[in-house]
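With TSV, C-alpha atoms inside, this is target.tsv:
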chain	number	residue	atom	x	y	z
A	1	ARG	CA	-9.26	35.15	-66.71
A	2	ILE	CA	-6.90	32.24	-67.31
A	3	GLN	CA	-4.47	33.59	-64.69
A	4	THR	CA	-7.31	34.08	-62.23
A	5	ARG	CA	-8.55	30.52	-62.71
A	6	LEU	CA	-5.04	29.12	-62.38
A	7	SER	CA	-4.37	31.10	-59.21
A	8	ARG	CA	-7.66	29.93	-57.71
A	9	LYS	CA	-6.82	26.31	-58.52
A	10	LEU	CA	-3.35	26.68	-57.04
A	11	ASN	CA	-4.69	28.34	-53.90
A	12	SER	CA	-7.35	25.68	-53.42
A	13	ARG	CA	-4.78	22.93	-54.02
A	14	PHE	CA	-2.39	24.53	-51.53
A	15	ALA	CA	-5.19	24.83	-48.95
A	16	LEU	CA	-6.10	21.16	-49.49
A	17	GLU	CA	-2.49	20.04	-49.02
A	18	TYR	CA	-2.10	22.23	-45.94
A	19	ARG	CA	-5.27	20.73	-44.53
A	20	TYR	CA	-3.80	17.24	-44.70
A	21	THR	CA	-0.24	18.04	-43.69
A	22	THR	CA	-1.19	19.86	-40.50
A	23	ASN	CA	-2.28	17.47	-37.77
A	24	LEU	CA	-3.88	18.94	-34.67
A	25	PHE	CA	-3.18	15.68	-32.83
A	26	TYR	CA	0.54	16.40	-32.53
A	27	GLN	CA	-0.12	19.89	-31.16
A	28	ALA	CA	-1.81	18.34	-28.10
A	29	ALA	CA	0.18	15.10	-27.96
A	30	GLY	CA	3.19	16.55	-26.10
A	31	PRO	CA	1.49	17.92	-22.96
A	32	THR	CA	-0.99	15.03	-22.94
A	33	MET	CA	1.73	12.39	-23.26
A	34	GLY	CA	3.68	13.94	-20.40
A	35	LEU	CA	0.59	13.91	-18.21
A	36	LEU	CA	-0.43	10.34	-19.06
A	37	ILE	CA	3.05	8.83	-18.73
A	38	CYS	CA	3.54	10.61	-15.41
A	39	MET	CA	0.22	9.28	-14.12
A	40	SER	CA	1.02	5.75	-15.33
A	41	THR	CA	4.16	5.68	-13.18
A	42	LEU	CA	2.52	6.90	-9.97
A	43	TYR	CA	1.94	3.37	-8.69
A	44	PRO	CA	5.49	1.97	-9.18
A	45	VAL	CA	6.89	5.18	-7.69
A	46	SER	CA	4.63	4.80	-4.66
A	47	ARG	CA	5.59	1.14	-4.21
A	48	LEU	CA	9.33	1.81	-4.48
A	49	VAL	CA	9.27	4.65	-1.95
A	50	LYS	CA	7.10	2.64	0.44
A	51	SER	CA	9.40	-0.40	0.25
A	52	ILE	CA	12.55	1.64	0.90
A	53	VAL	CA	11.03	3.52	3.84
A	54	GLU	CA	9.53	0.31	5.22
A	55	GLU	CA	13.04	-1.13	5.53
A	56	LYS	CA	14.01	1.79	7.74
A	57	GLU	CA	10.75	1.77	9.69
A	58	THR	CA	10.98	-1.94	10.60
A	59	ARG	CA	14.76	-1.70	11.25
A	60	MET	CA	15.31	-4.36	8.58
A	61	LYS	CA	17.92	-2.16	6.93
A	62	GLU	CA	19.92	-1.89	10.16
A	63	ILE	CA	19.78	-5.67	10.65
A	64	MET	CA	21.08	-6.31	7.13
A	65	LEU	CA	23.90	-3.80	7.63
A	66	ILE	CA	24.84	-5.41	10.95
A	67	MET	CA	24.99	-8.78	9.18
A	68	GLY	CA	27.56	-7.35	6.77
A	69	LEU	CA	25.52	-6.17	3.80
A	70	LYS	CA	27.09	-3.17	2.09
A	71	PRO	CA	24.86	-0.08	1.69
A	72	ILE	CA	25.76	0.14	-1.99
A	73	ALA	CA	24.61	-3.46	-2.50
A	74	LEU	CA	21.23	-2.67	-0.93
A	75	THR	CA	20.82	0.40	-3.12
A	76	ALA	CA	21.87	-1.54	-6.21
A	77	ALA	CA	19.31	-4.24	-5.43
A	78	TRP	CA	16.43	-1.74	-5.40
A	79	LEU	CA	17.83	0.01	-8.45
A	80	CYS	CA	18.08	-3.18	-10.50
A	81	SER	CA	14.66	-4.45	-9.39
A	82	TYR	CA	12.80	-1.33	-10.43
A	83	PHE	CA	14.96	-0.73	-13.48
A	84	VAL	CA	13.46	-3.93	-14.89
A	85	ILE	CA	9.97	-2.56	-14.25
A	86	PHE	CA	10.70	0.77	-15.91
A	87	LEU	CA	12.47	-1.07	-18.73
A	88	PHE	CA	9.25	-2.97	-19.41
A	89	ILE	CA	7.30	0.32	-19.35
A	90	ALA	CA	9.79	1.92	-21.77
A	91	ILE	CA	9.58	-1.00	-24.20
A	92	SER	CA	5.77	-1.00	-24.07
A	93	CYS	CA	5.57	2.75	-24.67
A	94	THR	CA	8.06	2.50	-27.55
A	95	ILE	CA	6.03	-0.22	-29.27
A	96	VAL	CA	2.85	1.86	-29.01
A	97	LEU	CA	4.35	5.25	-29.89
A	98	SER	CA	6.48	4.00	-32.80
A	99	ASN	CA	3.20	3.65	-34.71
A	100	VAL	CA	2.27	7.24	-33.85
A	101	PHE	CA	5.66	8.98	-34.17
A	102	LYS	CA	6.58	7.38	-37.47
A	103	HIS	CA	9.32	9.87	-38.36
A	104	THR	CA	11.17	9.55	-35.05
A	105	ASP	CA	13.82	6.91	-34.44
A	106	PRO	CA	12.26	4.16	-32.23
A	107	SER	CA	15.58	3.59	-30.43
A	108	LEU	CA	15.58	7.26	-29.45
A	109	ILE	CA	12.02	6.97	-28.12
A	110	TRP	CA	13.09	3.97	-26.04
A	111	PHE	CA	16.16	5.79	-24.71
A	112	PHE	CA	13.97	8.79	-23.88
A	113	PHE	CA	11.59	6.69	-21.77
A	114	ILE	CA	14.31	4.68	-20.05
A	115	THR	CA	16.05	7.96	-19.15
A	116	PHE	CA	12.82	9.17	-17.60
A	117	GLY	CA	12.52	5.89	-15.68
A	118	VAL	CA	16.05	6.14	-14.26
A	119	ALA	CA	15.41	9.76	-13.25
A	120	GLU	CA	12.22	8.69	-11.46
A	121	ILE	CA	14.08	5.97	-9.56
A	122	SER	CA	16.59	8.56	-8.37
A	123	PHE	CA	13.69	10.81	-7.39
A	124	CYS	CA	12.20	7.92	-5.37
A	125	PHE	CA	15.42	7.46	-3.41
A	126	PHE	CA	15.39	11.17	-2.59
A	127	VAL	CA	11.77	11.13	-1.42
A	128	ALA	CA	12.39	7.98	0.65
A	129	SER	CA	15.30	9.64	2.41
A	130	ILE	CA	13.09	12.37	3.92
A	131	PHE	CA	10.37	10.08	5.33
A	132	SER	CA	10.40	7.64	8.21
A	133	ARG	CA	6.81	6.33	7.92
A	134	SER	CA	6.09	4.05	4.98
A	135	LYS	CA	2.34	4.75	4.72
A	136	LEU	CA	2.87	8.50	4.71
A	137	ALA	CA	5.69	8.16	2.15
A	138	SER	CA	3.56	6.00	-0.16
A	139	ILE	CA	0.91	8.73	-0.23
A	140	ALA	CA	3.26	11.70	-0.46
A	141	ALA	CA	5.48	10.31	-3.25
A	142	PRO	CA	2.79	10.25	-6.00
A	143	ILE	CA	1.56	13.68	-4.92
A	144	MET	CA	5.09	15.10	-5.09
A	145	LEU	CA	5.68	13.52	-8.50
A	146	PHE	CA	2.40	14.81	-9.93
A	147	SER	CA	3.00	18.26	-8.44
A	148	SER	CA	6.39	18.34	-10.17
A	149	LEU	CA	4.56	18.21	-13.49
A	150	MET	CA	2.48	21.34	-12.90
A	151	PRO	CA	5.25	23.98	-13.43
A	152	ARG	CA	5.54	22.83	-17.04
A	153	TYR	CA	2.05	24.19	-17.81
A	154	ILE	CA	3.15	27.68	-16.81
A	155	PHE	CA	4.97	27.74	-20.15
A	156	PHE	CA	2.00	26.47	-22.15
A	157	GLY	CA	1.93	28.15	-25.57
A	158	THR	CA	5.52	29.45	-25.46
A	159	TYR	CA	7.87	28.91	-28.38
A	160	GLU	CA	11.21	27.12	-28.40
A	161	GLY	CA	13.26	30.25	-27.77
A	162	GLU	CA	10.97	31.88	-25.21
A	163	MET	CA	11.84	31.79	-21.49
A	164	ALA	CA	14.60	29.23	-22.09
A	165	THR	CA	16.34	29.95	-18.77
A	166	ASN	CA	13.11	29.47	-16.81
A	167	LYS	CA	12.49	26.21	-18.64
A	168	PHE	CA	15.92	24.96	-17.60
A	169	LEU	CA	15.08	25.81	-13.99
A	170	ALA	CA	11.70	24.09	-14.19
A	171	SER	CA	13.41	21.02	-15.67
A	172	ILE	CA	15.06	20.35	-12.31
A	173	LEU	CA	11.71	18.65	-11.68
A	174	VAL	CA	11.77	15.31	-13.48
A	175	PRO	CA	8.22	15.25	-14.98
A	176	SER	CA	8.60	18.83	-16.26
A	177	ALA	CA	11.83	17.99	-18.10
A	178	PHE	CA	10.18	14.92	-19.60
A	179	THR	CA	7.14	16.88	-20.79
A	180	PHE	CA	9.24	19.65	-22.36
A	181	SER	CA	11.05	17.02	-24.45
A	182	ALA	CA	7.76	15.32	-25.32
A	183	ASP	CA	6.50	18.68	-26.60
A	184	LYS	CA	9.49	19.05	-28.92
A	185	MET	CA	9.13	15.49	-30.18
A	186	SER	CA	5.48	16.17	-31.06
A	187	GLU	CA	6.30	19.46	-32.77
A	188	LEU	CA	8.98	17.89	-34.98
A	189	GLU	CA	6.73	14.95	-35.77
A	190	ASP	CA	4.05	17.39	-36.91
A	191	THR	CA	6.51	18.81	-39.45
A	192	ARG	CA	7.28	15.26	-40.66
A	193	GLU	CA	10.91	15.68	-39.70
A	194	GLY	CA	10.93	13.66	-36.50
A	195	ILE	CA	14.01	13.24	-34.32
A	196	SER	CA	17.03	11.03	-34.93
A	197	TRP	CA	20.37	10.60	-33.20
A	198	SER	CA	22.07	12.73	-35.84
A	199	SER	CA	19.60	15.60	-35.48
A	200	LEU	CA	20.01	15.99	-31.70
A	201	ARG	CA	21.32	19.42	-30.82
A	202	PHE	CA	22.01	21.26	-27.59
A	203	SER	CA	21.39	24.97	-27.16
A	204	THR	CA	21.60	27.54	-24.39
A	205	GLU	CA	19.38	30.08	-26.13
A	206	GLU	CA	16.41	27.78	-26.69
A	207	PHE	CA	15.03	24.59	-25.16
A	208	THR	CA	15.42	21.60	-27.48
A	209	PHE	CA	14.63	17.90	-27.16
A	210	ALA	CA	18.28	17.18	-26.38
A	211	ASN	CA	18.23	19.79	-23.61
A	212	GLY	CA	15.33	18.00	-21.94
A	213	MET	CA	17.15	14.66	-22.17
A	214	PHE	CA	20.26	16.25	-20.70
A	215	MET	CA	18.28	17.74	-17.81
A	216	LEU	CA	16.82	14.31	-17.02
A	217	TRP	CA	20.35	12.97	-16.51
A	218	ILE	CA	21.22	16.04	-14.43
A	219	ASP	CA	18.14	15.32	-12.29
A	220	THR	CA	19.24	11.71	-11.88
A	221	VAL	CA	22.62	12.76	-10.51
A	222	LEU	CA	21.18	15.61	-8.43
A	223	TYR	CA	18.50	13.57	-6.67
A	224	GLY	CA	20.94	10.70	-6.18
A	225	ILE	CA	23.42	12.99	-4.43
A	226	LEU	CA	20.68	14.52	-2.26
A	227	ALA	CA	19.41	11.06	-1.28
A	228	TRP	CA	22.92	9.90	-0.38
A	229	TYR	CA	23.62	13.06	1.64
A	230	ILE	CA	20.36	12.99	3.61
A	231	GLU	CA	20.70	9.26	4.33
A	232	ASN	CA	24.17	9.82	5.79
A	233	VAL	CA	23.42	13.03	7.73
A	234	PHE	CA	19.94	12.02	8.96
A	235	PRO	CA	19.98	8.19	8.83
A	236	ARG	CA	16.85	7.85	10.98
Structure encoded using structure tokens:
Amino acid sequence: RIQTRLSRKLNSRFALEYRYTTNLFYQAAGPTMGLLICMSTLYPVSRLVKSIVEEKETRMKEIMLIMGLKPIALTAAWLCSYFVIFLFIAISCTIVLSNVFKHTDPSLIWFFFITFGVAEISFCFFVASIFSRSKLASIAAPIMLFSSLMPRYIFFGTYEGEMATNKFLASILVPSAFTFSADKMSELEDTREGISWSSLRFSTEEFTFANGMFMLWIDTVLYGILAWYIENVFPR
């Protein structure tokens, strides 16, 4: 009888602790955060693409080049201008999420968001290179960005080691790579481990938070090269 009572007390205590250590919020935070952050950047993405295409449409870019402006200086001007905007977004998101993801290094959260912002800027240059009408580009850019998020939800409910190769392929799309990493950050926060610079690890057999960050930088380079190539081959 004593053993039975003790086992019941232990089981009830374990169930009570498990009830408080498991947070359903973090199980939904990853996909939701990816969706919300992607939607919050639709407007700056639309404005950047429209402004770049508008320069080509009005021949303002050609006039500036004729006057001696270097193409790299023009690109750097847009890059720096919108980097400040995405820097402000990254700082704001870090301040808010540092109170939610208490076990994750805030500097890593900031670096994660600024990486996403740089990748989106590169994506904007790529989208702008394939349009010649600013109004059409300003409408198509947000649609293309939001559509790039959808492939991530094909893998909804999969574990870290499942379909890793397909996740790498889907991460060629910037929002999908961001959301995969947000999922891992939420999962590790749920276990009260969080993510720090020392715990980052890369893997080819499973998709980790570091893999998603790495793919965001790959996307930045990839879309930048595509934008440069298309601008030089099809300048009009």
Smallest atom-to-atom distance to Phe214 (chain A): which of A:Phe112, A:Tyr229, A:Phe86, A:Trp78, using only C-alpha atoms? A:Phe112
Applying 12 Å and all atoms listed in the file, which residues near Glu193 (chain A) remain after dropping the ones on its own chain fewer than 6 positions away? List them as a VMD selection string. chain A and resid 101 to 105 184 to 187 199
Here is a test: counting all atoms listed in the file, which residue of A:Phe131, A:Phe207, A:Phe125, A:Phe88 is nearest to Leu74 (chain A)?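 Counting all atoms listed in the file, the residue closest to Leu74 (chain A) is A:Phe125.
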Residue with the minimum atom-to-atom distance to Leu87 (chain A), picked from A:Met64, A:Ala177, A:Ile121, A:Ile72 with only C-alpha atoms counted, is A:Ile121
Which of these residues is nearest to Glu206 (chain A), using all atoms listed in the file: A:Asp190, A:Glu162, A:Asp183, A:Glu231? A:Glu162
Please provide the set of residues having any atom within 7 Å of region 164-174 of chain A, restricted to only C-alpha atoms, with same-chain residues fewer than 5 positions apart removed, written as a PyMOL selection string. chain A and resi 119-120+148+151-152+205-207+215-216+219
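Pairwise distance (CA of Gly117 (chain A), CA of Arg59 (chain A)) equals 28.1 Å.
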Atom pair CA of Ser132 (chain A) + CA of Gly68 (chain A), distance 22.8 Å
Could you please determine the separation between CA of Asn99 (chain A) and CA of Gly194 (chain A) in Å, to one decimal place?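 It comes out at 12.8 Å.
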Counting only C-alpha atoms, which residue out of A:Ser196, A:Ser40, A:Ser176, A:Thr204 sits closest to Ser107 (chain A)?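 Under the stated criterion, the closest residue is A:Ser196.
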Find, counting all atoms listed in the file, the residue in A:Pro142, A:Arg201, A:Thr32, A:Leu226 that gets nearest to Ile130 (chain A). A:Leu226
Excluding Ser122 (chain A) and any residue of its chain fewer than 5 positions from it, enumerate the residues within 7 Å of it, using only C-alpha atoms, and give them as a PDB file with C-alpha atoms, in the coordinates of the input.
ATOM      1  CA  THR A 220      19.240  11.710 -11.880  1.00  0.00           C
ATOM      2  CA  TYR A 223      18.500  13.570  -6.670  1.00  0.00           C
ATOM      3  CA  GLY A 224      20.940  10.700  -6.180  1.00  0.00           C
TER       4      GLY A 224
END
Would you pick out the contacts of Leu200 (chain A) at 9 Å or less, using all atoms listed in the file, so that residues sharing its chain but fewer than 3 positions from it are not included, and give the list as an mmCIF file with C-alpha atoms, in the frame of the given file?
data_model
loop_
_atom_site.group_PDB
_atom_site.id
_atom_site.type_symbol
_atom_site.label_atom_id
_atom_site.label_comp_id
_atom_site.auth_asym_id
_atom_site.auth_seq_id
_atom_site.Cartn_x
_atom_site.Cartn_y
_atom_site.Cartn_z
ATOM 1 C CA ILE A 195 14.010 13.240 -34.320
ATOM 2 C CA SER A 196 17.030 11.030 -34.930
ATOM 3 C CA TRP A 197 20.370 10.600 -33.200
ATOM 4 C CA THR A 208 15.420 21.600 -27.480
ATOM 5 C CA PHE A 209 14.630 17.900 -27.160
ATOM 6 C CA ALA A 210 18.280 17.180 -26.380
#
Tell me which protein, DNA and RNA residues are within 12 Å of Glu55 (chain A), counting all atoms listed in the file, leaving out same-chain ones fewer than 4 positions away, and put them as a ChimeraX atom specification. /A:48-51,59-65,74-75,78,128-129,131-134,236
Take region 190-201 of chain A from the block and save it with all heavy atoms, as a PDB file, in the first residue's frame.
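Written out: out25.pdb:
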ATOM      1  N   ASP A 190      11.366  25.286 -26.673  1.00  0.00           N
ATOM      2  CA  ASP A 190      10.387  24.486 -25.940  1.00  0.00           C
ATOM      3  C   ASP A 190      11.074  23.520 -24.972  1.00  0.00           C
ATOM      4  O   ASP A 190      10.533  23.205 -23.910  1.00  0.00           O
ATOM      5  CB  ASP A 190       9.512  23.714 -26.936  1.00  0.00           C
ATOM      6  CG  ASP A 190       8.339  23.024 -26.254  1.00  0.00           C
ATOM      7  OD1 ASP A 190       7.912  23.507 -25.189  1.00  0.00           O
ATOM      8  OD2 ASP A 190       7.858  22.008 -26.773  1.00  0.00           O
ATOM      9  N   THR A 191      12.265  23.066 -25.331  1.00  0.00           N
ATOM     10  CA  THR A 191      13.017  22.172 -24.442  1.00  0.00           C
ATOM     11  C   THR A 191      13.859  22.937 -23.417  1.00  0.00           C
ATOM     12  O   THR A 191      14.610  22.327 -22.665  1.00  0.00           O
ATOM     13  CB  THR A 191      13.963  21.276 -25.270  1.00  0.00           C
ATOM     14  OG1 THR A 191      14.894  22.108 -25.988  1.00  0.00           O
ATOM     15  CG2 THR A 191      13.177  20.437 -26.258  1.00  0.00           C
ATOM     16  N   ARG A 192      13.756  24.260 -23.421  1.00  0.00           N
ATOM     17  CA  ARG A 192      14.482  25.138 -22.505  1.00  0.00           C
ATOM     18  C   ARG A 192      15.994  25.106 -22.736  1.00  0.00           C
ATOM     19  O   ARG A 192      16.774  25.445 -21.861  1.00  0.00           O
ATOM     20  CB  ARG A 192      14.169  24.799 -21.046  1.00  0.00           C
ATOM     21  CG  ARG A 192      12.711  25.032 -20.669  1.00  0.00           C
ATOM     22  CD  ARG A 192      12.475  24.855 -19.199  1.00  0.00           C
ATOM     23  NE  ARG A 192      11.087  25.134 -18.853  1.00  0.00           N
ATOM     24  CZ  ARG A 192      10.617  25.132 -17.601  1.00  0.00           C
ATOM     25  NH1 ARG A 192      11.436  24.855 -16.591  1.00  0.00           N
ATOM     26  NH2 ARG A 192       9.350  25.399 -17.368  1.00  0.00           N
ATOM     27  N   GLU A 193      16.375  24.677 -23.905  1.00  0.00           N
ATOM     28  CA  GLU A 193      17.798  24.701 -24.261  1.00  0.00           C
ATOM     29  C   GLU A 193      18.141  25.987 -24.998  1.00  0.00           C
ATOM     30  O   GLU A 193      19.157  26.625 -24.724  1.00  0.00           O
ATOM     31  CB  GLU A 193      18.143  23.492 -25.142  1.00  0.00           C
ATOM     32  CG  GLU A 193      18.005  22.156 -24.448  1.00  0.00           C
ATOM     33  CD  GLU A 193      18.360  21.003 -25.369  1.00  0.00           C
ATOM     34  OE1 GLU A 193      18.843  21.281 -26.492  1.00  0.00           O
ATOM     35  OE2 GLU A 193      18.138  19.849 -24.989  1.00  0.00           O
ATOM     36  N   GLY A 194      17.284  26.375 -25.935  1.00  0.00           N
ATOM     37  CA  GLY A 194      17.554  27.560 -26.728  1.00  0.00           C
ATOM     38  C   GLY A 194      18.714  27.336 -27.696  1.00  0.00           C
ATOM     39  O   GLY A 194      19.222  26.216 -27.848  1.00  0.00           O
ATOM     40  N   ILE A 195      19.134  28.396 -28.340  1.00  0.00           N
ATOM     41  CA  ILE A 195      20.236  28.332 -29.301  1.00  0.00           C
ATOM     42  C   ILE A 195      21.253  29.409 -28.940  1.00  0.00           C
ATOM     43  O   ILE A 195      20.888  30.542 -28.636  1.00  0.00           O
ATOM     44  CB  ILE A 195      19.746  28.547 -30.748  1.00  0.00           C
ATOM     45  CG1 ILE A 195      18.678  27.512 -31.110  1.00  0.00           C
ATOM     46  CG2 ILE A 195      20.904  28.437 -31.735  1.00  0.00           C
ATOM     47  CD1 ILE A 195      18.072  27.723 -32.482  1.00  0.00           C
ATOM     48  N   SER A 196      22.509  29.047 -28.966  1.00  0.00           N
ATOM     49  CA  SER A 196      23.600  29.988 -28.748  1.00  0.00           C
ATOM     50  C   SER A 196      24.619  29.810 -29.859  1.00  0.00           C
ATOM     51  O   SER A 196      24.550  28.863 -30.659  1.00  0.00           O
ATOM     52  CB  SER A 196      24.247  29.772 -27.379  1.00  0.00           C
ATOM     53  OG  SER A 196      24.794  28.469 -27.292  1.00  0.00           O
ATOM     54  N   TRP A 197      25.595  30.712 -29.904  1.00  0.00           N
ATOM     55  CA  TRP A 197      26.621  30.618 -30.942  1.00  0.00           C
ATOM     56  C   TRP A 197      27.428  29.330 -30.816  1.00  0.00           C
ATOM     57  O   TRP A 197      27.847  28.751 -31.812  1.00  0.00           O
ATOM     58  CB  TRP A 197      27.548  31.823 -30.876  1.00  0.00           C
ATOM     59  CG  TRP A 197      26.875  33.108 -31.241  1.00  0.00           C
ATOM     60  CD1 TRP A 197      26.396  34.053 -30.385  1.00  0.00           C
ATOM     61  CD2 TRP A 197      26.577  33.578 -32.565  1.00  0.00           C
ATOM     62  NE1 TRP A 197      25.814  35.093 -31.097  1.00  0.00           N
ATOM     63  CE2 TRP A 197      25.925  34.833 -32.417  1.00  0.00           C
ATOM     64  CE3 TRP A 197      26.796  33.071 -33.840  1.00  0.00           C
ATOM     65  CZ2 TRP A 197      25.499  35.579 -33.520  1.00  0.00           C
ATOM     66  CZ3 TRP A 197      26.373  33.817 -34.938  1.00  0.00           C
ATOM     67  CH2 TRP A 197      25.738  35.049 -34.775  1.00  0.00           C
ATOM     68  N   SER A 198      27.621  28.881 -29.598  1.00  0.00           N
ATOM     69  CA  SER A 198      28.429  27.669 -29.381  1.00  0.00           C
ATOM     70  C   SER A 198      27.678  26.389 -29.725  1.00  0.00           C
ATOM     71  O   SER A 198      28.298  25.353 -29.973  1.00  0.00           O
ATOM     72  CB  SER A 198      28.890  27.604 -27.919  1.00  0.00           C
ATOM     73  OG  SER A 198      27.774  27.614 -27.043  1.00  0.00           O
ATOM     74  N   SER A 199      26.345  26.462 -29.731  1.00  0.00           N
ATOM     75  CA  SER A 199      25.552  25.254 -29.998  1.00  0.00           C
ATOM     76  C   SER A 199      25.153  25.113 -31.463  1.00  0.00           C
ATOM     77  O   SER A 199      24.470  24.165 -31.826  1.00  0.00           O
ATOM     78  CB  SER A 199      24.285  25.254 -29.130  1.00  0.00           C
ATOM     79  OG  SER A 199      23.438  26.336 -29.483  1.00  0.00           O
ATOM     80  N   LEU A 200      25.551  26.054 -32.310  1.00  0.00           N
ATOM     81  CA  LEU A 200      25.245  25.951 -33.738  1.00  0.00           C
ATOM     82  C   LEU A 200      25.966  24.758 -34.340  1.00  0.00           C
ATOM     83  O   LEU A 200      27.155  24.550 -34.097  1.00  0.00           O
ATOM     84  CB  LEU A 200      25.653  27.222 -34.474  1.00  0.00           C
ATOM     85  CG  LEU A 200      24.825  28.491 -34.208  1.00  0.00           C
ATOM     86  CD1 LEU A 200      25.409  29.660 -34.980  1.00  0.00           C
ATOM     87  CD2 LEU A 200      23.370  28.288 -34.588  1.00  0.00           C
ATOM     88  N   ARG A 201      25.263  23.983 -35.125  1.00  0.00           N
ATOM     89  CA  ARG A 201      25.885  22.830 -35.763  1.00  0.00           C
ATOM     90  C   ARG A 201      25.290  22.635 -37.154  1.00  0.00           C
ATOM     91  O   ARG A 201      24.096  22.822 -37.376  1.00  0.00           O
ATOM     92  CB  ARG A 201      25.704  21.558 -34.929  1.00  0.00           C
ATOM     93  CG  ARG A 201      24.252  21.129 -34.745  1.00  0.00           C
ATOM     94  CD  ARG A 201      24.134  19.932 -33.826  1.00  0.00           C
ATOM     95  NE  ARG A 201      22.760  19.484 -33.702  1.00  0.00           N
ATOM     96  CZ  ARG A 201      22.177  18.626 -34.504  1.00  0.00           C
ATOM     97  NH1 ARG A 201      22.858  18.096 -35.517  1.00  0.00           N
ATOM     98  NH2 ARG A 201      20.925  18.254 -34.323  1.00  0.00           N
TER      99      ARG A 201
END
